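Student: Sending over input_15.txt (compact mmCIF, C-alpha atoms).
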# COMPACT_ATOMS: atom_id res chain seq x y z
CA MET E 13 -56.71 -15.64 59.01
CA ASP E 14 -55.25 -17.38 55.97
CA ALA E 15 -53.68 -20.75 56.82
CA LYS E 16 -50.86 -20.18 54.37
CA PHE E 17 -49.38 -17.68 56.81
CA VAL E 18 -49.32 -20.24 59.62
CA ASN E 19 -46.95 -22.76 58.13
CA PRO E 20 -43.99 -20.37 57.79
CA PHE E 21 -44.03 -19.97 61.59
CA ILE E 22 -44.42 -23.69 62.30
CA ASP E 23 -41.73 -24.55 59.75
CA ALA E 24 -39.40 -21.99 61.35
CA PHE E 25 -39.89 -23.63 64.74
CA MET E 26 -39.33 -27.10 63.30
CA THR E 27 -36.17 -25.95 61.52
CA VAL E 28 -34.54 -23.75 64.13
CA MET E 29 -35.13 -25.78 67.29
CA PRO E 30 -33.20 -28.90 66.15
CA GLN E 31 -30.29 -26.63 65.15
CA ILE E 32 -29.92 -25.46 68.73
CA GLY E 33 -30.13 -28.88 70.33
CA PHE E 34 -33.81 -29.92 70.58
CA GLN E 35 -34.83 -33.27 69.19
CA ASP E 36 -38.27 -33.97 70.56
CA ILE E 37 -40.58 -31.35 69.01
CA THR E 38 -44.29 -31.90 68.48
CA ARG E 39 -46.96 -29.61 67.16
CA LYS E 40 -50.02 -29.77 69.37
CA LYS E 41 -53.29 -27.99 68.74
CA VAL E 42 -53.85 -24.91 66.62
CA SER E 43 -56.68 -22.62 67.72
CA MET E 44 -58.11 -19.15 67.29
CA LYS E 45 -58.49 -16.64 70.11
CA ASP E 46 -59.83 -13.14 70.30
CA LYS E 47 -59.19 -12.07 73.88
CA SER E 48 -55.90 -11.05 75.41
CA ALA E 49 -53.58 -13.94 76.13
CA GLN E 50 -52.48 -14.54 79.69
CA SER E 51 -48.71 -14.62 79.89
CA LEU E 52 -47.35 -17.91 81.17
CA GLY E 53 -44.51 -15.97 82.82
CA VAL E 54 -42.21 -15.13 79.93
CA THR E 55 -43.56 -13.59 76.73
CA VAL E 56 -41.47 -12.36 73.85
CA LEU E 57 -43.10 -10.04 71.37
CA VAL E 58 -41.69 -9.58 67.88
CA GLY E 59 -43.44 -7.29 65.41
CA PHE E 60 -43.23 -7.45 61.66
CA THR E 61 -44.12 -5.12 58.84
CA LYS E 62 -43.80 -4.38 55.12
CA GLN E 63 -46.01 -6.53 52.87
CA ILE E 64 -47.62 -8.22 55.87
CA ARG E 65 -47.99 -6.51 59.23
CA GLY E 66 -48.50 -8.27 62.51
CA ASN E 67 -47.06 -9.55 65.73
CA VAL E 68 -45.88 -12.85 67.04
CA ALA E 69 -45.73 -13.55 70.78
CA TYR E 70 -43.81 -16.55 72.10
CA ASN E 71 -45.35 -17.44 75.42
CA MET E 72 -43.84 -19.87 77.94
CA SER E 73 -43.33 -20.45 81.64
CA GLU E 74 -40.13 -19.35 83.37
CA GLU E 75 -39.27 -23.05 83.88
CA THR E 76 -39.52 -23.68 80.14
CA ALA E 77 -37.52 -20.54 79.38
CA LYS E 78 -34.74 -21.77 81.71
CA TYR E 79 -34.84 -25.24 80.15
CA ILE E 80 -34.52 -23.76 76.64
CA ALA E 81 -31.75 -21.37 77.67
CA SER E 82 -29.85 -24.23 79.29
CA THR E 83 -30.13 -26.40 76.17
CA MET E 84 -29.06 -23.47 73.99
CA MET E 85 -26.01 -23.04 76.20
CA MET E 86 -24.88 -26.64 75.76
CA GLY E 87 -26.59 -27.91 78.88
CA MET E 88 -25.12 -25.34 81.23
CA PRO E 89 -27.29 -25.33 84.37
CA VAL E 90 -29.63 -22.32 84.51
CA GLU E 91 -30.88 -21.91 88.07
CA GLU E 92 -32.26 -18.43 87.65
CA PHE E 93 -33.83 -16.70 84.69
CA ASN E 94 -30.96 -14.23 84.67
CA ASP E 95 -29.50 -11.82 82.07
CA MET E 96 -27.77 -14.55 80.14
CA ALA E 97 -30.86 -16.75 79.98
CA GLN E 98 -33.05 -13.77 79.02
CA SER E 99 -30.61 -12.91 76.29
CA ALA E 100 -30.73 -16.48 74.96
CA ILE E 101 -34.54 -16.47 74.81
CA SER E 102 -34.55 -13.05 73.07
CA GLU E 103 -32.07 -14.35 70.56
CA LEU E 104 -34.10 -17.51 69.99
CA SER E 105 -37.26 -15.44 69.31
CA ASN E 106 -35.29 -13.35 66.88
CA MET E 107 -34.00 -16.46 65.08
CA LEU E 108 -37.45 -18.04 64.90
CA THR E 109 -39.10 -14.91 63.53
CA ALA E 110 -36.29 -14.19 61.08
CA ASN E 111 -36.59 -17.75 59.81
CA ALA E 112 -40.38 -17.34 59.48
CA ALA E 113 -39.74 -14.09 57.57
CA THR E 114 -37.50 -15.97 55.15
CA ASN E 115 -40.24 -18.58 54.68
CA LEU E 116 -42.78 -15.81 54.03
CA ALA E 117 -40.42 -14.32 51.45
CA THR E 118 -40.45 -17.58 49.50
CA LEU E 119 -44.25 -17.22 49.34
CA GLY E 120 -43.70 -13.77 47.87
CA PHE E 121 -44.25 -11.69 51.01
CA ASP E 122 -41.43 -9.43 51.97
CA VAL E 123 -41.32 -8.87 55.74
CA ASP E 124 -39.09 -6.88 58.10
CA ILE E 125 -38.99 -7.88 61.76
CA SER E 126 -38.45 -5.73 64.84
CA THR E 127 -36.15 -6.38 67.77
CA PRO E 128 -37.73 -8.73 70.33
CA SER E 129 -39.25 -7.38 73.55
CA LEU E 130 -39.08 -9.93 76.33
CA SER E 131 -41.49 -9.43 79.23
CA VAL E 132 -41.32 -11.26 82.53
CA GLY E 133 -43.95 -11.25 85.26
CA HIS E 134 -46.32 -13.36 87.29
CA ASN E 135 -49.68 -12.10 86.16
CA PHE E 136 -50.05 -10.06 83.03
CA ALA E 137 -52.09 -10.02 79.86
CA VAL E 138 -50.74 -9.69 76.34
CA LYS E 139 -52.83 -8.33 73.50
CA ILE E 140 -51.46 -8.63 69.99
CA SER E 141 -54.58 -7.93 68.01
CA SER E 142 -58.08 -6.55 68.36
CA GLU E 143 -59.24 -9.17 65.88
CA GLN E 144 -58.92 -12.94 66.07
CA TYR E 145 -55.45 -14.34 66.25
CA LEU E 146 -53.91 -17.74 65.95
CA VAL E 147 -52.42 -19.85 68.74
CA ILE E 148 -50.12 -22.78 67.98
CA ASP E 149 -49.17 -25.01 70.91
CA MET E 150 -45.79 -26.62 70.58
CA ASP E 151 -44.34 -29.27 72.82
CA LEU E 152 -40.63 -29.39 73.42
CA SER E 153 -39.69 -32.53 75.36
CA GLY E 154 -42.68 -32.02 77.65
CA HIS E 155 -42.31 -28.23 77.85
CA GLN E 156 -45.08 -26.11 76.33
CA ILE E 157 -44.59 -23.09 74.12
CA GLU E 158 -47.48 -21.10 72.78
CA ILE E 159 -46.91 -19.21 69.54
CA ASN E 160 -49.48 -16.44 69.16
CA ILE E 161 -49.66 -14.89 65.69
CA SER E 162 -51.70 -11.89 64.57
CA LEU E 163 -51.81 -10.50 61.06
CA GLN E 164 -53.41 -7.33 59.82
CA MET H 4 -26.40 18.54 74.32
CA GLU H 5 -23.81 20.15 72.12
CA LYS H 6 -24.32 20.10 68.39
CA ILE H 7 -21.93 18.23 66.15
CA GLN H 8 -19.46 20.74 64.77
CA VAL H 9 -18.88 20.85 61.02
CA LEU H 10 -16.07 22.66 59.24
CA VAL H 11 -17.12 23.50 55.68
CA VAL H 12 -14.27 23.80 53.18
CA ASP H 13 -15.51 25.38 49.95
CA ASP H 14 -14.42 28.42 47.97
CA SER H 15 -17.91 29.10 46.66
CA LYS H 16 -20.06 31.38 48.76
CA VAL H 17 -23.24 29.90 47.28
CA SER H 18 -22.21 26.39 48.30
CA ARG H 19 -21.44 27.56 51.83
CA ILE H 20 -24.83 29.26 52.14
CA MET H 21 -26.63 26.18 50.83
CA MET H 22 -24.78 23.99 53.28
CA ALA H 23 -25.67 26.30 56.16
CA SER H 24 -29.32 26.21 55.19
CA VAL H 25 -29.43 22.40 54.95
CA LEU H 26 -27.74 21.94 58.30
CA SER H 27 -29.63 24.70 60.12
CA ARG H 28 -32.53 22.45 61.23
CA THR H 29 -30.41 19.48 62.26
CA MET H 30 -28.12 18.45 65.07
CA PHE H 31 -25.15 19.69 63.04
CA GLN H 32 -23.72 23.15 63.36
CA ILE H 33 -21.23 24.83 61.06
CA CYS H 34 -18.45 25.98 63.35
CA ASP H 35 -16.58 27.76 60.55
CA CYS H 36 -15.92 27.85 56.82
CA ALA H 37 -12.60 27.81 54.98
CA LYS H 38 -12.09 29.07 51.43
CA THR H 39 -8.61 27.69 50.79
CA SER H 40 -6.66 24.57 51.59
CA MET H 41 -4.31 26.47 53.85
CA GLU H 42 -7.15 28.10 55.76
CA ALA H 43 -8.83 24.67 56.14
CA VAL H 44 -5.76 23.11 57.74
CA GLU H 45 -5.32 26.05 60.12
CA LYS H 46 -8.97 26.06 61.11
CA TYR H 47 -9.02 22.30 61.58
CA ARG H 48 -6.05 22.58 63.92
CA SER H 49 -7.53 25.41 65.97
CA LEU H 50 -11.21 24.31 66.06
CA ASN H 51 -10.92 20.51 66.07
CA PRO H 52 -14.36 20.02 64.43
CA ASP H 53 -16.22 16.67 64.57
CA VAL H 54 -16.54 16.40 60.81
CA VAL H 55 -15.31 18.23 57.68
CA THR H 56 -17.06 18.69 54.34
CA MET H 57 -14.39 19.13 51.69
CA ASP H 58 -14.77 20.61 48.21
CA MET H 59 -12.59 18.99 45.55
CA ASN H 60 -11.39 22.16 43.90
CA LEU H 61 -9.75 24.79 46.05
CA PRO H 62 -7.82 27.85 44.83
CA ASP H 63 -4.51 26.66 46.34
CA GLY H 64 -4.73 22.89 45.77
CA ASP H 65 -7.13 20.00 45.63
CA GLY H 66 -9.37 18.64 48.37
CA ILE H 67 -7.58 15.31 48.54
CA GLU H 68 -4.26 16.94 49.35
CA CYS H 69 -5.96 19.17 51.91
CA SER H 70 -7.62 16.09 53.49
CA ARG H 71 -4.24 14.37 53.69
CA LYS H 72 -2.86 17.30 55.71
CA ILE H 73 -5.86 17.25 58.03
CA LEU H 74 -5.50 13.50 58.54
CA GLU H 75 -1.86 14.06 59.47
CA ILE H 76 -3.06 16.31 62.29
CA ASN H 77 -5.74 13.79 63.33
CA PRO H 78 -5.71 10.33 61.72
CA ARG H 79 -9.30 9.80 62.93
CA ALA H 80 -10.59 13.00 61.32
CA LYS H 81 -13.97 12.50 59.62
CA ILE H 82 -14.09 13.94 56.13
CA VAL H 83 -16.83 13.95 53.48
CA MET H 84 -15.58 14.84 50.02
CA ILE H 85 -17.97 16.86 47.88
CA SER H 86 -17.23 17.37 44.23
CA ALA H 87 -18.92 18.03 40.90
CA MET H 88 -17.26 14.95 39.48
CA LYS H 89 -17.52 11.63 41.28
CA ASP H 90 -15.31 9.34 39.27
CA ALA H 91 -13.80 6.09 40.41
CA SER H 92 -10.16 7.13 40.30
CA LEU H 93 -10.91 10.23 42.36
CA MET H 94 -12.69 8.10 44.95
CA MET H 95 -9.84 5.63 45.03
CA ARG H 96 -7.29 8.39 45.60
CA GLY H 97 -9.52 9.80 48.30
CA ARG H 98 -9.97 6.46 50.05
CA ASN H 99 -6.23 5.84 50.01
CA VAL H 100 -5.73 9.13 51.83
CA GLY H 101 -8.43 8.20 54.38
CA ILE H 102 -11.51 10.15 53.31
CA ASN H 103 -14.65 8.52 54.73
CA SER H 104 -17.31 9.34 52.16
CA PHE H 105 -17.97 10.99 48.80
CA LEU H 106 -20.90 13.07 47.60
CA GLN H 107 -21.67 14.72 44.32
CA LYS H 108 -22.79 18.30 43.68
CA PRO H 109 -25.51 19.53 43.68
CA ILE H 110 -25.91 18.34 47.23
CA ASN H 111 -29.10 16.53 48.09
CA ALA H 112 -30.08 17.62 51.60
CA ASN H 113 -31.14 14.18 52.79
CA GLU H 114 -28.11 12.51 51.36
CA LEU H 115 -25.81 14.98 53.08
CA ILE H 116 -27.50 14.60 56.46
CA ASP H 117 -27.54 10.81 56.14
CA THR H 118 -23.88 10.72 55.24
CA LEU H 119 -22.89 12.96 58.12
CA LEU H 120 -25.03 10.90 60.50
CA MET H 121 -23.53 7.68 59.26
CA ILE H 122 -19.98 8.91 59.69
CA CYS H 123 -20.68 10.27 63.14
CA GLN H 124 -22.61 7.18 64.22
CA SER H 125 -19.50 5.08 63.87
CA THR H 126 -17.89 7.07 66.64
CA GLU H 127 -18.52 7.58 70.32
CA ASN H 128 -21.07 10.18 69.22
CA SER H 129 -23.60 7.52 68.33
CA ILE H 130 -25.63 8.02 71.50
CA ASP H 131 -25.85 11.75 70.77
CA VAL H 132 -26.87 11.03 67.19
CA LEU H 133 -29.64 8.69 68.36
CA ARG H 134 -30.80 11.17 70.94
CA GLU H 135 -30.84 14.19 68.65
CA SER H 136 -31.99 12.68 65.36
CA TYR H 137 -34.24 9.86 66.51
CA VAL H 138 -35.43 10.45 70.07
CA LYS H 139 -36.10 14.20 69.99
CA PRO H 140 -38.80 13.82 67.30
CA PHE H 141 -40.62 11.45 69.68
CA ILE H 142 -40.60 14.12 72.39
CA LYS H 143 -42.03 16.77 70.08
CA VAL H 144 -44.75 14.47 68.80
CA LEU H 145 -45.60 13.14 72.28
CA GLN H 146 -46.10 16.65 73.66
CA LYS H 147 -48.05 17.84 70.66
CA ASN H 148 -50.38 14.84 70.67
CA LEU H 149 -51.01 14.79 74.40
CA PHE H 150 -52.29 18.29 73.80
CA SER H 151 -54.30 17.55 70.66
CA LEU H 152 -55.78 14.26 71.93
CA ALA H 153 -56.56 15.30 75.50
CA GLY H 154 -55.69 18.99 75.89
CA LEU H 155 -52.76 18.11 78.15
CA HIS H 156 -49.80 20.35 78.77
CA SER H 157 -46.68 18.43 79.69
CA LYS H 158 -43.22 18.93 81.08
CA VAL H 159 -40.78 16.52 79.53
CA ASP H 160 -37.67 14.85 80.86
CA LEU H 161 -35.25 12.82 78.73
CA GLU H 162 -32.51 10.53 79.97
CA LEU H 163 -30.36 7.74 78.66
CA ASP H 164 -31.64 4.48 80.13
CA LYS H 165 -28.85 2.99 82.22
CA ASN H 166 -30.77 -0.21 82.93
CA ASP H 167 -31.17 -3.22 80.69
CA PHE H 168 -34.81 -3.48 81.68
CA LEU H 169 -37.96 -1.47 82.08
CA ASP H 170 -40.39 -2.02 84.96
CA VAL H 171 -44.03 -1.53 84.09
CA ASN H 172 -46.98 -1.24 86.45
CA GLY H 173 -50.13 -0.69 84.47
CA ILE H 174 -50.09 -0.70 80.71
CA ALA H 175 -47.31 -0.78 78.12
CA VAL H 176 -47.85 -0.55 74.38
CA ILE H 177 -44.90 -1.94 72.45
CA ILE H 178 -44.36 -0.92 68.83
CA GLY H 179 -41.47 -2.32 66.83
CA LEU H 180 -39.31 -0.12 64.61
CA THR H 181 -37.84 -1.69 61.50
CA GLY H 182 -35.42 -0.27 58.96
CA VAL H 183 -32.38 1.71 60.06
CA PRO H 184 -31.99 2.04 62.95
CA MET H 185 -34.18 -0.80 64.16
CA GLY H 186 -35.56 -0.99 67.65
CA ARG H 187 -38.80 -0.49 69.48
CA ALA H 188 -40.84 2.20 71.20
CA ILE H 189 -42.90 1.65 74.34
CA LEU H 190 -45.55 3.97 75.74
CA HIS H 191 -46.38 3.07 79.34
CA MET H 192 -48.25 4.47 82.32
CA ASP H 193 -50.01 3.42 85.49
CA ILE H 194 -53.67 2.36 85.55
CA GLN H 195 -54.89 5.57 87.13
CA THR H 196 -53.28 7.73 84.46
CA MET H 197 -54.60 5.43 81.75
CA ASN H 198 -58.17 5.65 83.06
CA ARG H 199 -58.14 9.42 83.51
CA TYR H 200 -56.60 9.94 80.09
CA SER H 201 -58.94 7.53 78.29
CA LYS H 202 -62.04 9.23 79.72
CA ILE H 203 -60.88 12.58 78.35
CA MET H 204 -59.89 11.08 75.02
CA LEU H 205 -63.27 9.36 74.68
CA GLY H 206 -65.19 12.43 75.87
CA MET H 207 -66.58 10.66 78.96
CA GLY H 208 -67.56 12.26 82.24
CA GLU H 209 -65.61 11.61 85.46
CA GLU H 210 -68.43 9.46 86.84
CA GLU H 211 -69.03 7.37 83.74
CA GLU H 212 -67.98 3.73 83.71
CA LEU H 213 -65.00 2.95 81.53
CA SER H 214 -64.28 -0.65 80.57
CA GLU H 215 -60.75 -2.02 80.78
CA GLU H 216 -60.83 -2.64 77.06
CA GLU H 217 -61.88 0.92 76.22
CA ALA H 218 -59.09 2.25 78.40
CA SER H 219 -56.35 0.07 76.95
CA ASP H 220 -57.59 0.63 73.39
CA SER H 221 -57.36 4.39 73.90
CA VAL H 222 -53.76 4.14 75.06
CA GLU H 223 -52.93 1.72 72.27
CA GLU H 224 -54.39 4.01 69.64
CA SER H 225 -52.54 6.99 71.11
CA ALA H 226 -49.26 5.07 71.05
CA ASN H 227 -49.88 4.13 67.44
CA ILE H 228 -50.47 7.76 66.51
CA ILE H 229 -47.50 9.09 68.48
CA VAL H 230 -45.00 6.50 67.25
CA GLY H 231 -46.34 6.67 63.67
CA ARG H 232 -46.03 10.43 63.50
CA SER H 233 -42.60 10.42 65.13
CA VAL H 234 -41.31 7.96 62.57
CA SER H 235 -42.83 10.03 59.73
CA MET H 236 -40.97 13.04 61.07
CA ILE H 237 -37.70 11.07 61.17
CA ASN H 238 -38.29 9.74 57.65
CA ASP H 239 -38.85 13.27 56.37
CA ILE H 240 -35.31 14.14 57.41
CA CYS H 241 -33.59 10.88 56.43
CA LYS H 242 -35.39 9.79 53.28
CA ASP H 243 -32.96 7.06 52.27
CA LYS H 244 -33.36 5.03 55.44
CA GLU H 245 -37.04 4.49 55.71
CA MET H 246 -38.16 3.35 59.15
CA ARG H 247 -41.44 1.49 59.53
CA ILE H 248 -43.54 0.56 62.51
CA THR H 249 -45.09 -2.77 63.39
CA PRO H 250 -48.63 -3.03 64.80
CA PRO H 251 -48.84 -2.46 68.56
CA GLY H 252 -48.64 -5.22 71.14
CA THR H 253 -50.03 -4.34 74.55
CA ILE H 254 -49.24 -5.77 77.95
CA CYS H 255 -51.25 -5.07 81.08
CA GLY H 256 -50.54 -6.00 84.66
CA GLN H 257 -48.45 -5.23 87.69
CA ARG H 258 -44.74 -5.69 88.21
CA ILE H 259 -43.88 -6.64 84.66
CA ARG H 260 -40.29 -6.37 83.59
CA ILE H 261 -39.50 -5.78 79.92
CA VAL H 262 -35.95 -6.86 79.20
CA ASN H 263 -33.87 -5.55 76.33
CA PRO H 264 -30.27 -6.45 76.95
CA LYS H 265 -28.90 -5.31 73.64
CA LEU H 266 -30.59 -1.96 73.17
CA THR H 267 -29.40 1.58 73.62
CA SER H 268 -32.52 3.12 75.05
CA PHE H 269 -33.84 6.42 76.29
CA ASN H 270 -36.54 7.22 78.83
CA ILE H 271 -38.93 10.06 78.16
CA THR H 272 -41.28 11.18 80.93
CA ALA H 273 -44.04 13.65 80.14
CA SER H 274 -45.52 14.89 83.42
CA THR H 275 -49.09 16.12 83.15
CA ARG H 276 -51.93 16.96 85.51
CA LEU H 277 -53.29 13.41 84.95
CA GLY H 278 -50.03 11.65 85.74
CA ASP H 279 -46.84 10.64 83.95
CA PHE H 280 -46.81 9.41 80.36
CA LYS H 281 -43.60 7.49 79.86
CA MET H 282 -41.88 6.34 76.73
CA ASN H 283 -38.88 4.10 76.32
CA ILE H 284 -37.27 4.27 72.89
CA GLY H 285 -34.62 1.62 72.25
CA PHE H 286 -32.34 1.05 69.29
CA ALA H 287 -30.39 -2.07 68.43
CA GLU H 288 -26.74 -1.46 69.07
CA GLY H 289 -24.35 -1.41 66.17
CA GLU H 290 -26.95 -0.23 63.69
Give the structure from the file, written as structure tokens.

Tutor:
Amino acid sequence: MDAKFVNPFIDAFMTVMPQIGFQDITRKKVSMKDKSAQSLGVTVLVGFTKQIRGNVAYNMSEETAKYIASTMMMGMPVEEFNDMAQSAISELSNMLTANAATNLATLGFDVDISTPSLSVGHNFAVKISSEQYLVIDMDLSGHQIEINISLQ
Amino acid sequence: MEKIQVLVVDDSKVSRIMMASVLSRTMFQICDCAKTSMEAVEKYRSLNPDVVTMDMNLPDGDGIECSRKILEINPRAKIVMISAMKDASLMMRGRNVGINSFLQKPINANELIDTLLMICQSTENSIDVLRESYVKPFIKVLQKNLFSLAGLHSKVDLELDKNDFLDVNGIAVIIGLTGVPMGRAILHMDIQTMNRYSKIMLGMGEEEELSEEEASDSVEESANIIVGRSVSMINDICKDKEMRITPPGTICGQRIRIVNPKLTSFNITASTRLGDFKMNIGFAEGE
């Protein structure tokens, strides 16, 4: 997979997260995988199409999802991963992918994104490609988020 | 569900016949036709149609004046003006009166259907529009392909999804829909149904060993075919608003909840001898 398609997603994360209240963001390792990913508890899938087709899956634990939702809602305590918190995480995935799409457009690739599908569960596998796909590990103040990207 | 009722106001028989032919294979139904302005106002009052197509030139007055009278009866009346000329001053006069949209003769079928859909979508009819124009093609294609891919006959149920979530036990293939309207389609089923179906699709015997990957790939490929063909069918009717599909994403496991708080979605269940094939088609609200 061409590395030039990776940066738009990393840049989106680095741009969007500070806007919604996160300061401490670090990019950890970038790796390739070819088997289904195991969901960490909360996985949001956003598809894209037009000049590039693919999927991005944001994968995180329920704890991390609650932490992010709470920060997005100005520090409001989030005890349960309820409707409001789910909605916040969906919206975040939408913002991140839309921002990545804008970055791709500046490289000359026009992309439309789908609505996010947020899945919650304790033990499920997510497959976004039958080929190899890219995994970027991000650290958000000690919380891990895996960004899985597949391109066709 | 009841079709959306259209009152056609046009003094030309040819135009009325053309309109009837365009609308015959859609969710719209011509409830009546009026040849004059006076007849149009009377028929609007007695039939209370959902939408009116209005010719500019009528024997006893112009279409704008006729629209004004109809809007006096119902200020929320939906009117599409159709005229040979489409000049700016005419449109401005029409807008001032309260006409929703303007089309030029000769009518382009797709443009007419799109315009009527757009006008009706902005009302409480939007769920019906989604169901009839966007979800029904999925049902047709699902049934047809279950038969062509695995020889399955199915009985189909359709309902508006009242929940904000979808519970999945087994496999769910998620395919995004972009364009207008945007949303996503999910094909899901339990493991037993997936395994039985995949064996037939792959031409395997009952006793043969099927790997998990073969089974999920078969369902994924089927979902890709079904959603792709459904969207092609929708695009054939509404050419101006091209919908596209994203590649599939597949989730497998037990007790998974897929949450979509902001979607208007529909559940389709196709019952077959192998088990239930379920689809959830959701559209972003306000599109």

Student: Between E:Asp95, E:Val138, E:Thr118, E:His155, which has the minimum distance to Lys47 in chain E (counting only C-alpha atoms)?

Tutor: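 Between E:Asp95, E:Val138, E:Thr118, E:His155, the residue approaching Lys47 in chain E most closely is E:Val138.
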
Student: Provide the CA of Val132 in chain E to CA of Ile259 in chain H distance in Å, to one decimal place.

Tutor: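 We find that CA of Val132 in chain E and CA of Ile259 in chain H lie 5.7 Å from each other.
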
Student: Residues at most 8 Å from range 19-32 of chain E, counting all atoms listed in the file, excluding those fewer than 6 positions away in the same chain, as a ChimeraX atom specification?

Tutor: /E:83-84,107-109,111-113,115-116

Student: Show which residues sit within 9 Å of Phe168 in chain H, as a ChimeraX atom specification. Count only C-alpha atoms, and ignore same-chain residues fewer than 3 positions away.

Tutor: /H:164-165,260-264

Student: Give me, as JSON lines, each residue of chain H that comes within 9 Å of chain E, together with its shortest interatomic pair and the distance in Å at one decimal, counting all atoms listed in the file, with rows ordered by chain and rising residue number.

Tutor:
{"residue": "H:Asp167", "atom": "CA", "partner": "E:Asp95", "partner_atom": "CA", "distance": 8.9}
{"residue": "H:Ile177", "atom": "CA", "partner": "E:Ser129", "partner_atom": "CA", "distance": 7.9}
{"residue": "H:Ile178", "atom": "CA", "partner": "E:Gly59", "partner_atom": "CA", "distance": 7.3}
{"residue": "H:Gly179", "atom": "CA", "partner": "E:Ser126", "partner_atom": "CA", "distance": 5.0}
{"residue": "H:Leu180", "atom": "CA", "partner": "E:Ser126", "partner_atom": "CA", "distance": 5.7}
{"residue": "H:Thr181", "atom": "CA", "partner": "E:Ser126", "partner_atom": "CA", "distance": 5.3}
{"residue": "H:Gly182", "atom": "CA", "partner": "E:Asp124", "partner_atom": "CA", "distance": 7.6}
{"residue": "H:Met185", "atom": "CA", "partner": "E:Ser126", "partner_atom": "CA", "distance": 6.6}
{"residue": "H:Gly186", "atom": "CA", "partner": "E:Thr127", "partner_atom": "CA", "distance": 5.4}
{"residue": "H:Arg187", "atom": "CA", "partner": "E:Thr127", "partner_atom": "CA", "distance": 6.7}
{"residue": "H:Asp220", "atom": "CA", "partner": "E:Ser142", "partner_atom": "CA", "distance": 8.8}
{"residue": "H:Arg247", "atom": "CA", "partner": "E:Thr61", "partner_atom": "CA", "distance": 7.2}
{"residue": "H:Ile248", "atom": "CA", "partner": "E:Thr61", "partner_atom": "CA", "distance": 6.8}
{"residue": "H:Thr249", "atom": "CA", "partner": "E:Thr61", "partner_atom": "CA", "distance": 5.2}
{"residue": "H:Pro250", "atom": "CA", "partner": "E:Gly66", "partner_atom": "CA", "distance": 5.7}
{"residue": "H:Pro251", "atom": "CA", "partner": "E:Ile140", "partner_atom": "CA", "distance": 6.9}
{"residue": "H:Gly252", "atom": "CA", "partner": "E:Ile140", "partner_atom": "CA", "distance": 4.6}
{"residue": "H:Thr253", "atom": "CA", "partner": "E:Lys139", "partner_atom": "CA", "distance": 5.0}
{"residue": "H:Ile254", "atom": "CA", "partner": "E:Val138", "partner_atom": "CA", "distance": 4.5}
{"residue": "H:Cys255", "atom": "CA", "partner": "E:Ala137", "partner_atom": "CA", "distance": 5.2}
{"residue": "H:Gly256", "atom": "CA", "partner": "E:Phe136", "partner_atom": "CA", "distance": 4.4}
{"residue": "H:Gln257", "atom": "CA", "partner": "E:Phe136", "partner_atom": "CA", "distance": 6.9}
{"residue": "H:Arg258", "atom": "CA", "partner": "E:Gly133", "partner_atom": "CA", "distance": 6.3}
{"residue": "H:Ile259", "atom": "CA", "partner": "E:Gly133", "partner_atom": "CA", "distance": 4.6}
{"residue": "H:Arg260", "atom": "CA", "partner": "E:Val132", "partner_atom": "CA", "distance": 5.1}
{"residue": "H:Ile261", "atom": "CA", "partner": "E:Ser131", "partner_atom": "CA", "distance": 4.2}
{"residue": "H:Val262", "atom": "CA", "partner": "E:Leu130", "partner_atom": "CA", "distance": 5.2}
{"residue": "H:Asn263", "atom": "CA", "partner": "E:Ser129", "partner_atom": "CA", "distance": 6.3}
{"residue": "H:Pro264", "atom": "CA", "partner": "E:Ser99", "partner_atom": "CA", "distance": 6.5}
{"residue": "H:Lys265", "atom": "CA", "partner": "E:Ser99", "partner_atom": "CA", "distance": 8.2}
{"residue": "H:Leu266", "atom": "CA", "partner": "E:Thr127", "partner_atom": "CA", "distance": 8.9}
{"residue": "H:Phe286", "atom": "CA", "partner": "E:Thr127", "partner_atom": "CA", "distance": 8.5}
{"residue": "H:Ala287", "atom": "CA", "partner": "E:Thr127", "partner_atom": "CA", "distance": 7.2}

Student: Hey, can you spit out that residue selection with C-alpha atoms as a compact mmCIF listing (two decimals), in the frame of the given file?

Tutor:
# COMPACT_ATOMS: atom_id res chain seq x y z
CA ASP H 167 -31.17 -3.22 80.69
CA ILE H 177 -44.90 -1.94 72.45
CA ILE H 178 -44.36 -0.92 68.83
CA GLY H 179 -41.47 -2.32 66.83
CA LEU H 180 -39.31 -0.12 64.61
CA THR H 181 -37.84 -1.69 61.50
CA GLY H 182 -35.42 -0.27 58.96
CA MET H 185 -34.18 -0.80 64.16
CA GLY H 186 -35.56 -0.99 67.65
CA ARG H 187 -38.80 -0.49 69.48
CA ASP H 220 -57.59 0.63 73.39
CA ARG H 247 -41.44 1.49 59.53
CA ILE H 248 -43.54 0.56 62.51
CA THR H 249 -45.09 -2.77 63.39
CA PRO H 250 -48.63 -3.03 64.80
CA PRO H 251 -48.84 -2.46 68.56
CA GLY H 252 -48.64 -5.22 71.14
CA THR H 253 -50.03 -4.34 74.55
CA ILE H 254 -49.24 -5.77 77.95
CA CYS H 255 -51.25 -5.07 81.08
CA GLY H 256 -50.54 -6.00 84.66
CA GLN H 257 -48.45 -5.23 87.69
CA ARG H 258 -44.74 -5.69 88.21
CA ILE H 259 -43.88 -6.64 84.66
CA ARG H 260 -40.29 -6.37 83.59
CA ILE H 261 -39.50 -5.78 79.92
CA VAL H 262 -35.95 -6.86 79.20
CA ASN H 263 -33.87 -5.55 76.33
CA PRO H 264 -30.27 -6.45 76.95
CA LYS H 265 -28.90 -5.31 73.64
CA LEU H 266 -30.59 -1.96 73.17
CA PHE H 286 -32.34 1.05 69.29
CA ALA H 287 -30.39 -2.07 68.43
